$ cat start-v1.cif   # mmCIF, C-alpha atoms and all ligand atoms
data_coords
#
loop_
_atom_site.label_atom_id
_atom_site.label_comp_id
_atom_site.auth_asym_id
_atom_site.auth_seq_id
_atom_site.Cartn_x
_atom_site.Cartn_y
_atom_site.Cartn_z
CA MET G 1 -152.77 -97.57 30.90
CA SER G 2 -152.06 -100.51 33.16
CA ASN G 3 -148.78 -101.64 31.63
CA LYS G 4 -147.13 -98.24 31.49
CA LEU G 5 -143.34 -98.40 31.71
CA ARG G 6 -141.92 -97.31 35.03
CA ALA G 7 -138.55 -97.12 36.74
CA ILE G 8 -137.66 -99.70 39.39
CA ARG G 9 -138.52 -98.56 42.91
CA GLY G 10 -135.52 -97.15 44.76
CA MET G 11 -133.45 -96.82 41.56
CA ASN G 12 -132.95 -93.24 40.42
CA ASP G 13 -132.19 -91.56 37.13
CA ILE G 14 -129.47 -88.97 37.59
CA LEU G 15 -130.78 -86.22 35.33
CA PRO G 16 -128.67 -83.63 33.48
CA GLU G 17 -129.64 -80.86 35.90
CA VAL G 18 -127.85 -82.69 38.73
CA SER G 19 -125.29 -84.80 36.89
CA GLY G 20 -122.94 -81.80 36.70
CA THR G 21 -122.85 -81.66 40.49
CA TRP G 22 -122.24 -85.39 40.66
CA ARG G 23 -119.35 -85.16 38.22
CA TYR G 24 -117.83 -82.20 40.03
CA LEU G 25 -117.94 -84.03 43.38
CA GLU G 26 -116.67 -87.29 41.90
CA SER G 27 -113.79 -85.64 40.07
CA THR G 28 -112.81 -83.60 43.13
CA VAL G 29 -112.77 -86.68 45.33
CA GLN G 30 -110.88 -88.70 42.70
CA ALA G 31 -108.23 -86.01 42.34
CA ILE G 32 -107.71 -85.90 46.11
CA VAL G 33 -107.33 -89.66 46.58
CA GLU G 34 -105.06 -89.89 43.51
CA SER G 35 -102.90 -87.19 45.07
CA TYR G 36 -102.45 -89.48 48.11
CA GLY G 37 -101.25 -92.32 45.87
CA TYR G 38 -104.42 -94.35 45.48
CA ARG G 39 -105.00 -95.93 42.05
CA GLU G 40 -108.23 -96.88 40.39
CA ILE G 41 -109.53 -100.43 40.07
CA ARG G 42 -112.72 -101.14 38.06
CA LEU G 43 -114.74 -104.16 39.01
CA PRO G 44 -117.72 -106.18 37.81
CA LEU G 45 -121.11 -105.46 39.34
CA LEU G 46 -121.74 -109.18 39.73
CA GLU G 47 -119.88 -111.60 41.94
CA GLN G 48 -120.54 -115.10 43.24
CA THR G 49 -123.12 -114.94 46.03
CA GLU G 50 -120.71 -116.92 48.18
CA LEU G 51 -118.22 -114.02 48.23
CA PHE G 52 -120.64 -111.70 50.01
CA LYS G 53 -121.93 -114.38 52.37
CA ARG G 54 -118.41 -115.16 53.49
CA SER G 55 -117.11 -111.60 53.69
CA ILE G 56 -120.04 -109.52 54.93
CA GLY G 57 -121.31 -112.35 57.15
CA GLU G 58 -124.45 -114.47 57.10
CA VAL G 59 -126.07 -112.75 60.06
CA THR G 60 -126.11 -109.18 58.76
CA ASP G 61 -128.91 -107.05 57.34
CA ILE G 62 -127.26 -107.09 53.94
CA VAL G 63 -126.92 -110.85 53.56
CA GLU G 64 -130.12 -111.73 55.38
CA LYS G 65 -132.48 -109.49 53.49
CA GLU G 66 -130.93 -106.92 51.18
CA MET G 67 -129.07 -108.74 48.40
CA TYR G 68 -130.19 -108.98 44.80
CA THR G 69 -129.39 -112.64 44.22
CA PHE G 70 -130.37 -114.75 41.23
CA PRO G 71 -129.25 -117.86 39.39
CA ASP G 72 -127.15 -117.26 36.26
CA ARG G 73 -128.30 -119.15 33.16
CA ASN G 74 -125.97 -121.99 34.12
CA GLY G 75 -127.50 -122.21 37.59
CA GLU G 76 -124.67 -120.53 39.51
CA SER G 77 -125.87 -118.11 42.19
CA LEU G 78 -124.80 -114.53 41.48
CA THR G 79 -125.34 -111.32 43.46
CA LEU G 80 -125.32 -107.67 42.44
CA ARG G 81 -122.65 -106.16 44.68
CA PRO G 82 -124.11 -104.54 47.82
CA GLU G 83 -120.74 -102.93 48.66
CA ALA G 84 -117.28 -102.71 47.14
CA THR G 85 -114.77 -104.07 49.65
CA ALA G 86 -115.52 -107.75 49.02
CA GLY G 87 -115.03 -107.30 45.26
CA VAL G 88 -111.79 -105.35 45.72
CA VAL G 89 -110.40 -108.11 47.93
CA ARG G 90 -111.60 -110.84 45.55
CA ALA G 91 -110.00 -109.03 42.58
CA GLY G 92 -106.77 -108.49 44.51
CA MET G 93 -106.60 -112.18 45.34
CA THR G 94 -107.54 -113.56 41.91
CA ASN G 95 -105.05 -111.19 40.21
CA GLY G 96 -102.24 -111.74 42.69
CA LEU G 97 -102.14 -108.08 43.73
CA PHE G 98 -101.55 -108.86 47.39
CA HIS G 99 -98.49 -111.11 46.92
CA ASN G 100 -95.70 -109.40 48.85
CA GLN G 101 -97.16 -106.07 47.83
CA LYS G 102 -99.16 -103.33 49.41
CA GLN G 103 -102.00 -101.76 47.45
CA LYS G 104 -103.77 -98.44 47.75
CA LEU G 105 -106.89 -98.65 45.59
CA TRP G 106 -110.04 -96.68 44.85
CA THR G 107 -113.15 -97.61 42.95
CA THR G 108 -116.59 -96.16 42.37
CA GLY G 109 -119.95 -97.15 40.95
CA PRO G 110 -123.40 -98.43 41.79
CA MET G 111 -124.20 -100.76 44.68
CA PHE G 112 -127.47 -102.63 45.17
CA ARG G 113 -129.40 -103.31 48.34
CA TYR G 114 -133.05 -104.23 48.69
CA GLU G 115 -133.81 -101.65 51.38
CA LYS G 116 -136.93 -99.63 52.06
CA PRO G 117 -136.51 -96.65 49.72
CA GLN G 118 -136.61 -93.26 51.43
CA GLN G 119 -134.69 -89.98 51.38
CA GLY G 120 -130.99 -90.90 51.30
CA ARG G 121 -131.64 -94.65 51.12
CA TYR G 122 -132.04 -96.29 47.74
CA ARG G 123 -131.89 -99.74 46.14
CA GLN G 124 -129.32 -98.70 43.58
CA PHE G 125 -126.97 -96.15 45.10
CA TYR G 126 -123.43 -95.04 44.35
CA GLN G 127 -120.35 -95.32 46.46
CA PHE G 128 -116.85 -93.99 46.27
CA ASP G 129 -114.59 -96.53 47.89
CA VAL G 130 -110.98 -96.50 49.06
CA GLU G 131 -109.01 -99.52 50.28
CA ALA G 132 -105.43 -99.84 51.60
CA VAL G 133 -104.38 -103.49 51.64
CA GLY G 134 -101.21 -104.78 53.29
CA PHE G 135 -100.87 -101.97 55.84
CA ASP G 136 -101.01 -102.55 59.61
CA GLY G 137 -101.71 -99.02 60.69
CA PRO G 138 -102.45 -97.02 62.68
CA ASP G 139 -100.65 -94.57 60.36
CA VAL G 140 -102.66 -95.58 57.30
CA ASP G 141 -105.91 -95.49 59.33
CA ALA G 142 -105.08 -91.90 60.22
CA GLU G 143 -104.15 -91.04 56.65
CA LEU G 144 -107.45 -92.38 55.31
CA ILE G 145 -109.32 -90.19 57.79
CA ILE G 146 -107.13 -87.12 57.16
CA MET G 147 -107.71 -87.60 53.43
CA SER G 148 -111.48 -87.59 53.93
CA ALA G 149 -111.23 -84.49 56.14
CA ARG G 150 -109.45 -82.79 53.23
CA MET G 151 -112.38 -83.66 50.93
CA TRP G 152 -114.88 -81.96 53.24
CA GLN G 153 -112.67 -78.93 53.48
CA ARG G 154 -112.14 -78.70 49.71
CA LEU G 155 -115.89 -79.02 49.11
CA GLY G 156 -116.91 -76.53 51.78
CA ILE G 157 -118.71 -79.23 53.78
CA ASP G 158 -118.77 -78.27 57.45
CA LYS G 159 -121.89 -79.95 58.84
CA ILE G 160 -120.06 -83.20 59.48
CA ARG G 161 -118.33 -84.85 62.42
CA LEU G 162 -116.16 -87.89 62.94
CA GLU G 163 -116.92 -90.81 65.25
CA ILE G 164 -114.35 -93.52 65.90
CA ASN G 165 -114.18 -96.77 67.85
CA SER G 166 -112.08 -99.89 68.08
CA LEU G 167 -113.46 -103.41 67.79
CA GLY G 168 -110.20 -105.06 68.84
CA THR G 169 -109.06 -108.46 67.64
CA PRO G 170 -111.46 -111.39 67.09
CA ALA G 171 -110.16 -112.95 70.31
CA ALA G 172 -110.87 -109.81 72.34
CA ARG G 173 -114.26 -109.53 70.70
CA ALA G 174 -115.12 -113.07 71.81
CA GLY G 175 -114.90 -111.93 75.44
CA TYR G 176 -117.03 -108.92 74.66
CA ARG G 177 -119.51 -111.13 72.85
CA GLU G 178 -119.99 -113.20 76.01
CA ALA G 179 -120.65 -110.09 78.06
CA LEU G 180 -123.16 -108.91 75.48
CA VAL G 181 -124.98 -112.24 75.41
CA GLU G 182 -125.19 -112.18 79.20
CA TYR G 183 -126.49 -108.61 79.23
CA PHE G 184 -129.01 -108.93 76.40
CA SER G 185 -130.25 -112.30 77.76
CA SER G 186 -131.09 -110.52 81.01
CA VAL G 187 -133.34 -108.10 79.08
CA LYS G 188 -134.50 -110.61 76.47
CA ASN G 189 -138.19 -109.87 77.01
CA GLN G 190 -137.56 -106.30 75.79
CA LEU G 191 -135.72 -107.26 72.60
CA ASP G 192 -137.31 -107.06 69.15
CA GLU G 193 -137.52 -110.09 66.88
CA ASP G 194 -134.34 -109.32 64.92
CA SER G 195 -132.37 -108.80 68.11
CA ILE G 196 -133.57 -112.05 69.69
CA ARG G 197 -132.38 -113.92 66.63
CA ARG G 198 -129.07 -112.09 66.72
CA LEU G 199 -128.58 -112.78 70.40
CA GLU G 200 -127.68 -116.37 69.53
CA GLN G 201 -125.89 -115.81 66.24
CA ASN G 202 -124.27 -112.39 66.33
CA PRO G 203 -125.00 -110.27 69.41
CA LEU G 204 -122.76 -107.39 68.21
CA ARG G 205 -125.29 -106.72 65.45
CA ILE G 206 -127.87 -105.79 68.10
CA LEU G 207 -125.79 -102.65 68.76
CA ASP G 208 -126.29 -101.69 65.11
CA SER G 209 -130.10 -101.92 65.34
CA LYS G 210 -132.01 -99.13 63.62
CA ASN G 211 -135.09 -99.77 65.79
CA PRO G 212 -135.58 -96.72 68.09
CA ASP G 213 -137.20 -98.98 70.70
CA MET G 214 -133.84 -100.70 71.13
CA LYS G 215 -131.92 -97.51 71.74
CA ALA G 216 -132.07 -97.36 75.53
CA LEU G 217 -131.14 -101.03 75.86
CA VAL G 218 -128.22 -100.61 73.49
CA GLU G 219 -127.00 -97.58 75.39
CA ALA G 220 -126.89 -99.50 78.66
CA ALA G 221 -124.97 -102.43 77.13
CA PRO G 222 -121.33 -103.18 77.98
CA ILE G 223 -118.83 -101.47 75.67
CA MET G 224 -116.08 -103.02 73.55
CA LEU G 225 -113.45 -100.54 74.74
CA ASP G 226 -113.51 -102.23 78.17
CA PHE G 227 -112.59 -105.53 76.51
CA LEU G 228 -109.87 -104.33 74.12
CA ASP G 229 -106.68 -106.39 73.96
CA GLU G 230 -103.48 -104.52 74.73
CA ALA G 231 -102.19 -104.33 71.16
CA SER G 232 -105.51 -103.00 69.85
CA ALA G 233 -105.69 -100.47 72.68
CA GLU G 234 -102.21 -99.22 71.70
CA HIS G 235 -103.22 -99.12 68.05
CA PHE G 236 -106.31 -97.08 68.92
CA ALA G 237 -104.35 -94.70 71.16
CA ALA G 238 -101.79 -94.14 68.39
CA LEU G 239 -104.56 -93.41 65.87
CA LYS G 240 -106.08 -90.84 68.22
CA ALA G 241 -102.67 -89.23 68.75
CA LEU G 242 -102.14 -88.94 64.98
CA LEU G 243 -105.59 -87.39 64.51
CA ASP G 244 -104.92 -84.98 67.38
CA ALA G 245 -101.60 -83.97 65.84
CA ALA G 246 -103.26 -83.46 62.45
CA GLY G 247 -105.97 -81.31 64.01
CA VAL G 248 -108.82 -83.59 62.94
CA PRO G 249 -111.49 -83.52 65.67
CA TYR G 250 -113.31 -86.76 66.52
CA SER G 251 -115.42 -88.28 69.23
CA VAL G 252 -115.15 -91.84 70.46
CA ASN G 253 -118.49 -93.61 70.03
CA PRO G 254 -118.26 -96.92 71.90
CA ARG G 255 -121.49 -98.19 70.26
CA LEU G 256 -120.15 -97.83 66.74
CA VAL G 257 -119.88 -101.38 65.39
CA ARG G 258 -120.74 -101.02 61.67
CA GLY G 259 -123.11 -103.32 59.84
CA LEU G 260 -120.63 -105.78 58.36
CA ASP G 261 -118.86 -108.68 60.04
CA TYR G 262 -115.42 -108.22 58.62
CA TYR G 263 -114.25 -105.24 60.66
CA SER G 264 -111.57 -105.41 63.36
CA ARG G 265 -109.80 -102.72 65.38
CA THR G 266 -110.44 -99.25 63.91
CA VAL G 267 -113.96 -98.36 62.76
CA PHE G 268 -115.14 -94.85 61.96
CA GLU G 269 -118.03 -92.97 60.50
CA TRP G 270 -118.41 -89.39 59.25
CA VAL G 271 -121.94 -88.41 60.23
CA THR G 272 -124.14 -85.38 59.68
CA ASP G 273 -127.35 -84.10 61.24
CA ALA G 274 -128.18 -82.14 58.08
CA LEU G 275 -129.80 -85.07 56.23
CA GLY G 276 -132.39 -86.34 58.68
CA SER G 277 -132.05 -89.93 59.80
CA GLN G 278 -129.74 -91.00 56.94
CA GLY G 279 -126.75 -89.45 58.70
CA ALA G 280 -123.87 -91.76 57.71
CA VAL G 281 -121.99 -90.17 54.82
CA CYS G 282 -118.66 -91.95 54.83
CA SER G 283 -117.99 -95.11 56.80
CA GLY G 284 -114.99 -97.32 57.14
CA GLY G 285 -112.70 -99.45 59.17
CA ARG G 286 -110.02 -102.06 59.38
CA TYR G 287 -110.63 -105.61 58.18
CA ASP G 288 -107.44 -107.49 59.04
CA GLY G 289 -109.10 -110.92 58.87
CA LEU G 290 -110.91 -110.69 55.56
CA VAL G 291 -108.26 -111.79 53.06
CA GLU G 292 -107.49 -114.85 55.16
CA LYS G 293 -111.18 -115.61 55.61
CA LEU G 294 -111.51 -115.65 51.82
CA GLY G 295 -108.65 -118.13 51.48
CA GLY G 296 -105.59 -115.85 51.20
CA ARG G 297 -102.65 -115.21 53.50
CA PRO G 298 -103.21 -113.07 56.61
CA THR G 299 -103.21 -109.50 55.24
CA PRO G 300 -104.07 -106.36 57.18
CA ALA G 301 -106.32 -103.88 55.39
CA VAL G 302 -108.43 -100.78 55.96
CA GLY G 303 -110.78 -98.66 53.89
CA TRP G 304 -113.83 -96.45 53.70
CA ALA G 305 -116.88 -96.06 51.51
CA MET G 306 -118.81 -92.87 50.88
CA GLY G 307 -122.41 -92.69 49.67
CA ILE G 308 -122.47 -90.32 46.70
CA GLU G 309 -126.21 -89.46 46.95
CA ARG G 310 -125.62 -88.43 50.56
CA LEU G 311 -122.48 -86.50 49.58
CA VAL G 312 -124.46 -84.59 46.93
CA ALA G 313 -127.26 -83.83 49.41
CA LEU G 314 -124.82 -82.70 52.10
CA PHE G 315 -122.81 -80.57 49.66
CA GLU G 316 -126.03 -78.76 48.75
CA ALA G 317 -127.15 -78.52 52.38
CA CYS G 318 -123.84 -76.75 53.10
CA GLY G 319 -124.56 -74.23 50.33
CA GLY G 320 -122.25 -75.84 47.78
CA LYS G 321 -122.69 -75.21 44.07
CA ALA G 322 -120.81 -76.98 41.29
CA PRO G 323 -119.18 -74.72 38.70
CA VAL G 324 -121.55 -74.28 35.77
CA ALA G 325 -120.67 -75.80 32.42
CA ASP G 326 -122.90 -73.73 30.12
CA ALA G 327 -121.89 -72.96 26.56
CA ASP G 328 -119.51 -70.08 25.90
CA VAL G 329 -121.05 -69.16 22.58
CA TYR G 330 -124.26 -69.95 20.75
CA ILE G 331 -124.11 -69.78 16.97
CA ALA G 332 -127.15 -68.43 15.16
CA ALA G 333 -127.32 -68.79 11.37
CA LEU G 334 -129.82 -66.76 9.35
CA GLY G 335 -130.48 -66.97 5.66
CA GLU G 336 -129.40 -68.78 2.52
CA GLY G 337 -126.07 -70.65 2.74
CA THR G 338 -125.28 -69.52 6.28
CA LEU G 339 -125.72 -72.90 8.01
CA GLU G 340 -122.86 -74.52 6.08
CA ARG G 341 -120.59 -71.59 6.94
CA ALA G 342 -121.72 -71.72 10.56
CA PHE G 343 -120.78 -75.40 10.88
CA ALA G 344 -117.38 -74.77 9.32
CA LEU G 345 -116.81 -71.81 11.63
CA ALA G 346 -117.80 -73.80 14.72
CA GLU G 347 -115.26 -76.53 13.86
CA GLU G 348 -112.54 -73.92 13.22
CA LEU G 349 -113.21 -72.32 16.60
CA ARG G 350 -113.12 -75.73 18.30
CA ASP G 351 -109.67 -76.24 16.72
CA GLN G 352 -108.36 -72.81 17.58
CA VAL G 353 -109.81 -71.83 20.97
CA THR G 354 -108.81 -74.38 23.60
CA GLY G 355 -111.71 -75.71 25.66
CA ILE G 356 -114.34 -73.50 24.01
CA ARG G 357 -117.91 -74.72 24.49
CA ILE G 358 -120.04 -74.04 21.44
CA GLU G 359 -123.70 -74.73 20.96
CA MET G 360 -125.07 -74.57 17.41
CA ASN G 361 -128.57 -73.43 16.69
CA LEU G 362 -130.30 -76.55 15.40
CA GLY G 363 -133.65 -76.62 13.64
CA GLY G 364 -133.52 -73.19 12.00
CA GLY G 365 -136.02 -70.58 13.15
CA SER G 366 -136.46 -66.82 13.03
CA PHE G 367 -133.92 -64.41 14.51
CA LYS G 368 -136.16 -64.01 17.54
CA SER G 369 -136.53 -67.72 18.22
CA GLN G 370 -132.81 -68.35 17.71
CA MET G 371 -132.01 -65.58 20.23
CA LYS G 372 -134.49 -67.09 22.68
CA ARG G 373 -132.68 -70.44 22.48
CA ALA G 374 -129.33 -68.69 22.75
CA ASP G 375 -130.47 -67.06 25.96
CA LYS G 376 -131.78 -70.34 27.36
CA SER G 377 -128.52 -72.14 26.56
CA GLY G 378 -126.75 -70.06 29.20
CA ALA G 379 -124.11 -69.01 26.66
CA GLU G 380 -122.09 -65.88 27.30
CA TYR G 381 -122.29 -64.65 23.69
CA ALA G 382 -124.34 -65.28 20.56
CA LEU G 383 -122.43 -65.35 17.27
CA ILE G 384 -124.73 -64.12 14.55
CA LEU G 385 -124.10 -65.20 11.00
CA GLY G 386 -126.44 -63.45 8.54
CA GLU G 387 -126.19 -63.36 4.76
CA GLN G 388 -125.03 -59.77 4.74
CA GLU G 389 -122.42 -60.22 7.52
CA LEU G 390 -120.94 -63.17 5.69
CA ALA G 391 -120.84 -61.31 2.39
CA GLU G 392 -118.77 -58.66 4.21
CA GLY G 393 -116.55 -61.28 5.95
CA GLN G 394 -117.98 -60.26 9.31
CA VAL G 395 -119.77 -61.93 12.22
CA GLY G 396 -121.88 -60.32 14.94
CA ILE G 397 -120.94 -60.91 18.60
CA LYS G 398 -123.88 -60.24 20.88
CA PRO G 399 -123.29 -60.29 24.66
CA LEU G 400 -126.13 -62.24 26.26
CA ARG G 401 -125.37 -61.61 29.92
CA SER G 402 -124.74 -57.87 29.85
CA THR G 403 -126.30 -54.80 28.29
CA ASP G 404 -123.21 -54.16 26.13
CA ASP G 405 -123.89 -53.54 22.47
CA GLN G 406 -123.50 -56.08 19.72
CA GLU G 407 -120.23 -55.71 17.80
CA SER G 408 -119.01 -56.82 14.42
CA VAL G 409 -115.72 -58.70 14.09
CA ALA G 410 -113.89 -59.81 10.98
CA LEU G 411 -114.16 -63.58 10.51
CA ASP G 412 -110.40 -64.04 10.46
CA GLU G 413 -110.07 -62.25 13.81
CA LEU G 414 -112.88 -64.11 15.53
CA ALA G 415 -110.84 -66.89 17.16
CA ALA G 416 -108.37 -64.42 18.65
CA THR G 417 -111.17 -62.14 19.83
CA LEU G 418 -113.04 -64.99 21.53
CA ALA G 419 -109.87 -66.34 23.12
CA LYS G 420 -109.42 -62.91 24.69
CA ILE G 421 -112.97 -62.18 25.86
CA LEU G 422 -113.70 -65.68 27.17
CA ARG G 423 -110.80 -65.76 29.61
P1 LIG R 1 -126.72 -96.93 57.06
O1 LIG R 1 -126.33 -96.98 58.50
O2 LIG R 1 -127.24 -95.60 56.64
O3 LIG R 1 -127.61 -98.08 56.66
P2 LIG R 1 -124.53 -98.53 56.26
O4 LIG R 1 -123.81 -98.71 57.52
O5 LIG R 1 -125.39 -99.63 55.78
O6 LIG R 1 -125.35 -97.14 56.28
P3 LIG R 1 -122.20 -98.88 54.60
O7 LIG R 1 -122.54 -100.27 54.28
O8 LIG R 1 -121.08 -98.63 55.52
O9 LIG R 1 -123.51 -98.11 55.12
O10 LIG R 1 -121.99 -98.05 53.24
C1 LIG R 1 -121.15 -96.89 53.19
C2 LIG R 1 -121.93 -95.66 52.83
O11 LIG R 1 -122.81 -95.89 51.75
C3 LIG R 1 -122.85 -95.15 53.94
O12 LIG R 1 -122.13 -94.35 54.82
C4 LIG R 1 -123.86 -94.34 53.16
O13 LIG R 1 -123.37 -93.05 52.86
C5 LIG R 1 -123.99 -95.11 51.88
N1 LIG R 1 -125.17 -95.98 51.83
C6 LIG R 1 -125.36 -97.17 52.41
N2 LIG R 1 -126.54 -97.72 52.11
C7 LIG R 1 -127.15 -96.82 51.28
C8 LIG R 1 -128.41 -96.78 50.59
N3 LIG R 1 -129.28 -97.80 50.67
N4 LIG R 1 -128.70 -95.70 49.82
C9 LIG R 1 -127.84 -94.67 49.71
N5 LIG R 1 -126.64 -94.65 50.34
C10 LIG R 1 -126.29 -95.70 51.11
MG MG R 2 -127.41 -100.06 56.00
#

$ encode --input "start-v1.cif" --output "C-alpha cells"
Amino acid sequence: MSNKLRAIRGMNDILPEVSGTWRYLESTVQAIVESYGYREIRLPLLEQTELFKRSIGEVTDIVEKEMYTFPDRNGESLTLRPEATAGVVRAGMTNGLFHNQKQKLWTTGPMFRYEKPQQGRYRQFYQFDVEAVGFDGPDVDAELIIMSARMWQRLGIDKIRLEINSLGTPAARAGYREALVEYFSSVKNQLDEDSIRRLEQNPLRILDSKNPDMKALVEAAPIMLDFLDEASAEHFAALKALLDAAGVPYSVNPRLVRGLDYYSRTVFEWVTDALGSQGAVCSGGRYDGLVEKLGGRPTPAVGWAMGIERLVALFEACGGKAPVADADVYIAALGEGTLERAFALAEELRDQVTGIRIEMNLGGGSFKSQMKRADKSGAEYALILGEQELAEGQVGIKPLRSTDDQESVALDELAATLAKILR
C-alpha cells in the first residue's frame, strides 16, 4: 500500500516496555531537584519564532536549520520549541516572576529540532531542564553541578565525566572573537562552508563544529581562557574551588563553547563515551545577558538541560534497571456467577490493601488459559475464584513465582493475608 500510515521520521513512540524506565528516571530526577528547592513550571510547546531567534541567536545551527517554524492561521510565525531556556525566560518575564525575586525552576517535555535522525539524536526528543534566575554565582553554578552529580550517583551512572569552561563577559569575548577571526582567516582555505560563513558572523561557533575535518584546526585555535576578564576569571576560580571542596571531579575544556549564543561565563557539559558520538548528556551554563536581551532588566541566570533519551541509554549502559511494576495478584474467575464476585472482590482489595496492583482476567477462558495469562502478567500470585470455592466462602491463592503449593483462604481473611504476604 502506498499511502500506509507511518510515524514522522526522528519522532519516537515511547512504548510500554520502556516507559517504566523513563518514568523511574524522570521521577528520580524530579525528586532530587525538588529537594534542592526547584519548583516546576509548565510551558507551551509553541512560542513566537522571534523569541528563539533573539535568544538562541541567528547564526546557530538551531536557528539556521533546525527549527520547526510555520505560520499560525492568523499569519503569525510560530516555532515548536527547540529548547526550554528561552520559554522559561519568556514566561518569567510575561508573568513578572523576575521582579525583585529569584527563581529556581524546573521543567520537562518534548523539544523539536530538524536534525539528521540517528542513535541518540532525534527530531522530537525530551529534555529535563533546570534554571536558576536572579543568582550571580558562582555558588549557584556549583550547586547546579553538584545536584547533577547526585543524580548520577543515585542512578548508578558512572560512565560520565564533567567538562567546564568560562566564556567570560561579552566584552572579554569581543577580544577573543578578534583573535579567532585573525586565526581562522589565516587558515581560511581549510575551512568548510559553514565555518567560512561563521567566520564573518559568529566565529565562536566554528569551535562547536561537528565536522571531524575541522578538529585539528579548532584544536590549534586561541582559547577563551587567555582572554578572560578579571571578574570572570575570579568567578571561574571560585567555581572550581567549590567543586574541588565538594569532591566533584571535572576537567577544563577550553574549546567548550556550547551551541547557543546566550551563554556567558560558566559553561559545562556532562559527557560520556558509552553512547558513541552522541556523548553530551547534560549541558548547561550561565546566561547573564539573556533577560536583558529579551527586553527585561539585567538579570543573571544559569541552568542546564539533560536529554532524557540519552539518560535512558546511559542508565542502561551502566547496567541500570528500573524497579518493575508488575501486578501483585491476578484474579481468575471460573464458572457461573464468579465474575461478578471477582469484580467485587478486586474493588474490596483495592480499598483495603494500600497500593495493591491487581490485574483481572478479562475475556473468560479455561483454567489453563487463565493461568497462562496470570503467568505472563508477572503477578506474584493468582487468586482463583471457582464456583465451589465461593460456595464455601474460600478463595485459592496460587504462588506463581515459587514452587509453593496453592492454599485456600477464607474470603474475609483475604485482605489481611495479602497485606502480609505482599510486603
Ligand atoms: P549535541 O552537541 O549532541 O548536538 P547540543 O549541544 O545541541 O547537543 P543542547 O542544546 O545543549 O545540546 O541540549 C541539551 C541536551 O539535550 C544535550 O546534552 C543532549 O543530551 C540533548 N539533545 C540535544 N539535541 C538532541 C537531539 N536532537 N536528540 C536527542 N537529544 C538531544
Ligand atoms: Mg545540537

$ residues_near_ligand --input "start-v1.cif" --ligand "ligand LIG 1 (chain R)" --cutoff "10 Å" --atoms "only C-alpha atoms and all ligand atoms" --output "ChimeraX atom specification"
/G:10-11,56,61-62,66,82-85,110-129,208-210,256-260,268-271,277-285,304-311

$ write_last_selection --input "start-v1.cif" --atoms "C-alpha atoms" --output "CSV table (one decimal), keeping the file's coordinate frame"
chain,number,residue,atom,x,y,z
G,10,GLY,CA,-135.5,-97.2,44.8
G,11,MET,CA,-133.4,-96.8,41.6
G,56,ILE,CA,-120.0,-109.5,54.9
G,61,ASP,CA,-128.9,-107.0,57.3
G,62,ILE,CA,-127.3,-107.1,53.9
G,66,GLU,CA,-130.9,-106.9,51.2
G,82,PRO,CA,-124.1,-104.5,47.8
G,83,GLU,CA,-120.7,-102.9,48.7
G,84,ALA,CA,-117.3,-102.7,47.1
G,85,THR,CA,-114.8,-104.1,49.6
G,110,PRO,CA,-123.4,-98.4,41.8
G,111,MET,CA,-124.2,-100.8,44.7
G,112,PHE,CA,-127.5,-102.6,45.2
G,113,ARG,CA,-129.4,-103.3,48.3
G,114,TYR,CA,-133.0,-104.2,48.7
G,115,GLU,CA,-133.8,-101.6,51.4
G,116,LYS,CA,-136.9,-99.6,52.1
G,117,PRO,CA,-136.5,-96.6,49.7
G,118,GLN,CA,-136.6,-93.3,51.4
G,119,GLN,CA,-134.7,-90.0,51.4
G,120,GLY,CA,-131.0,-90.9,51.3
G,121,ARG,CA,-131.6,-94.6,51.1
G,122,TYR,CA,-132.0,-96.3,47.7
G,123,ARG,CA,-131.9,-99.7,46.1
G,124,GLN,CA,-129.3,-98.7,43.6
G,125,PHE,CA,-127.0,-96.2,45.1
G,126,TYR,CA,-123.4,-95.0,44.4
G,127,GLN,CA,-120.4,-95.3,46.5
G,128,PHE,CA,-116.8,-94.0,46.3
G,129,ASP,CA,-114.6,-96.5,47.9
G,208,ASP,CA,-126.3,-101.7,65.1
G,209,SER,CA,-130.1,-101.9,65.3
G,210,LYS,CA,-132.0,-99.1,63.6
G,256,LEU,CA,-120.2,-97.8,66.7
G,257,VAL,CA,-119.9,-101.4,65.4
G,258,ARG,CA,-120.7,-101.0,61.7
G,259,GLY,CA,-123.1,-103.3,59.8
G,260,LEU,CA,-120.6,-105.8,58.4
G,268,PHE,CA,-115.1,-94.8,62.0
G,269,GLU,CA,-118.0,-93.0,60.5
G,270,TRP,CA,-118.4,-89.4,59.2
G,271,VAL,CA,-121.9,-88.4,60.2
G,277,SER,CA,-132.0,-89.9,59.8
G,278,GLN,CA,-129.7,-91.0,56.9
G,279,GLY,CA,-126.8,-89.4,58.7
G,280,ALA,CA,-123.9,-91.8,57.7
G,281,VAL,CA,-122.0,-90.2,54.8
G,282,CYS,CA,-118.7,-92.0,54.8
G,283,SER,CA,-118.0,-95.1,56.8
G,284,GLY,CA,-115.0,-97.3,57.1
G,285,GLY,CA,-112.7,-99.4,59.2
G,304,TRP,CA,-113.8,-96.4,53.7
G,305,ALA,CA,-116.9,-96.1,51.5
G,306,MET,CA,-118.8,-92.9,50.9
G,307,GLY,CA,-122.4,-92.7,49.7
G,308,ILE,CA,-122.5,-90.3,46.7
G,309,GLU,CA,-126.2,-89.5,47.0
G,310,ARG,CA,-125.6,-88.4,50.6
G,311,LEU,CA,-122.5,-86.5,49.6

$ residues_around --input "start-v1.cif" --residues "Leu418 (chain G)" --least-positions-apart "2" --cutoff "12 Å" --atoms "all atoms listed in the file" --output "number ranges by chain"
G: 328-329, 349-350, 352-358, 380-383, 395-399, 409-416, 420-423

$ closest_residue --input "start-v1.cif" --among "G:Lys65, G:Arg54, G:Arg173, G:Arg197" --to "ligand MG 2 (chain R)" --atoms "only C-alpha atoms and all ligand atoms"
G:Lys65

$ closest_residue --input "start-v1.cif" --among "G:Tyr263, G:Arg205, G:Thr108, G:Gln190" --to "ligand MG 2 (chain R)" --atoms "all atoms listed in the file"
G:Arg205

$ closest_residue --input "start-v1.cif" --among "G:Leu385, G:Val302, G:Ala379, G:Leu144" --to "Phe343 (chain G)" --atoms "all atoms listed in the file"
G:Leu385

$ closest_residue --input "start-v1.cif" --among "G:Val63, G:Tyr250, G:Ala238, G:Asn189" --to "ligand MG 2 (chain R)" --atoms "all atoms listed in the file"
G:Val63

$ residues_around --input "start-v1.cif" --residues "Met93 (chain G)" --least-positions-apart "4" --cutoff "9 Å" --atoms "only C-alpha atoms" --output "list in words"
Val88, Val89, Leu97, Phe98, His99, Val291, Leu294, Gly295 and Gly296 of chain G
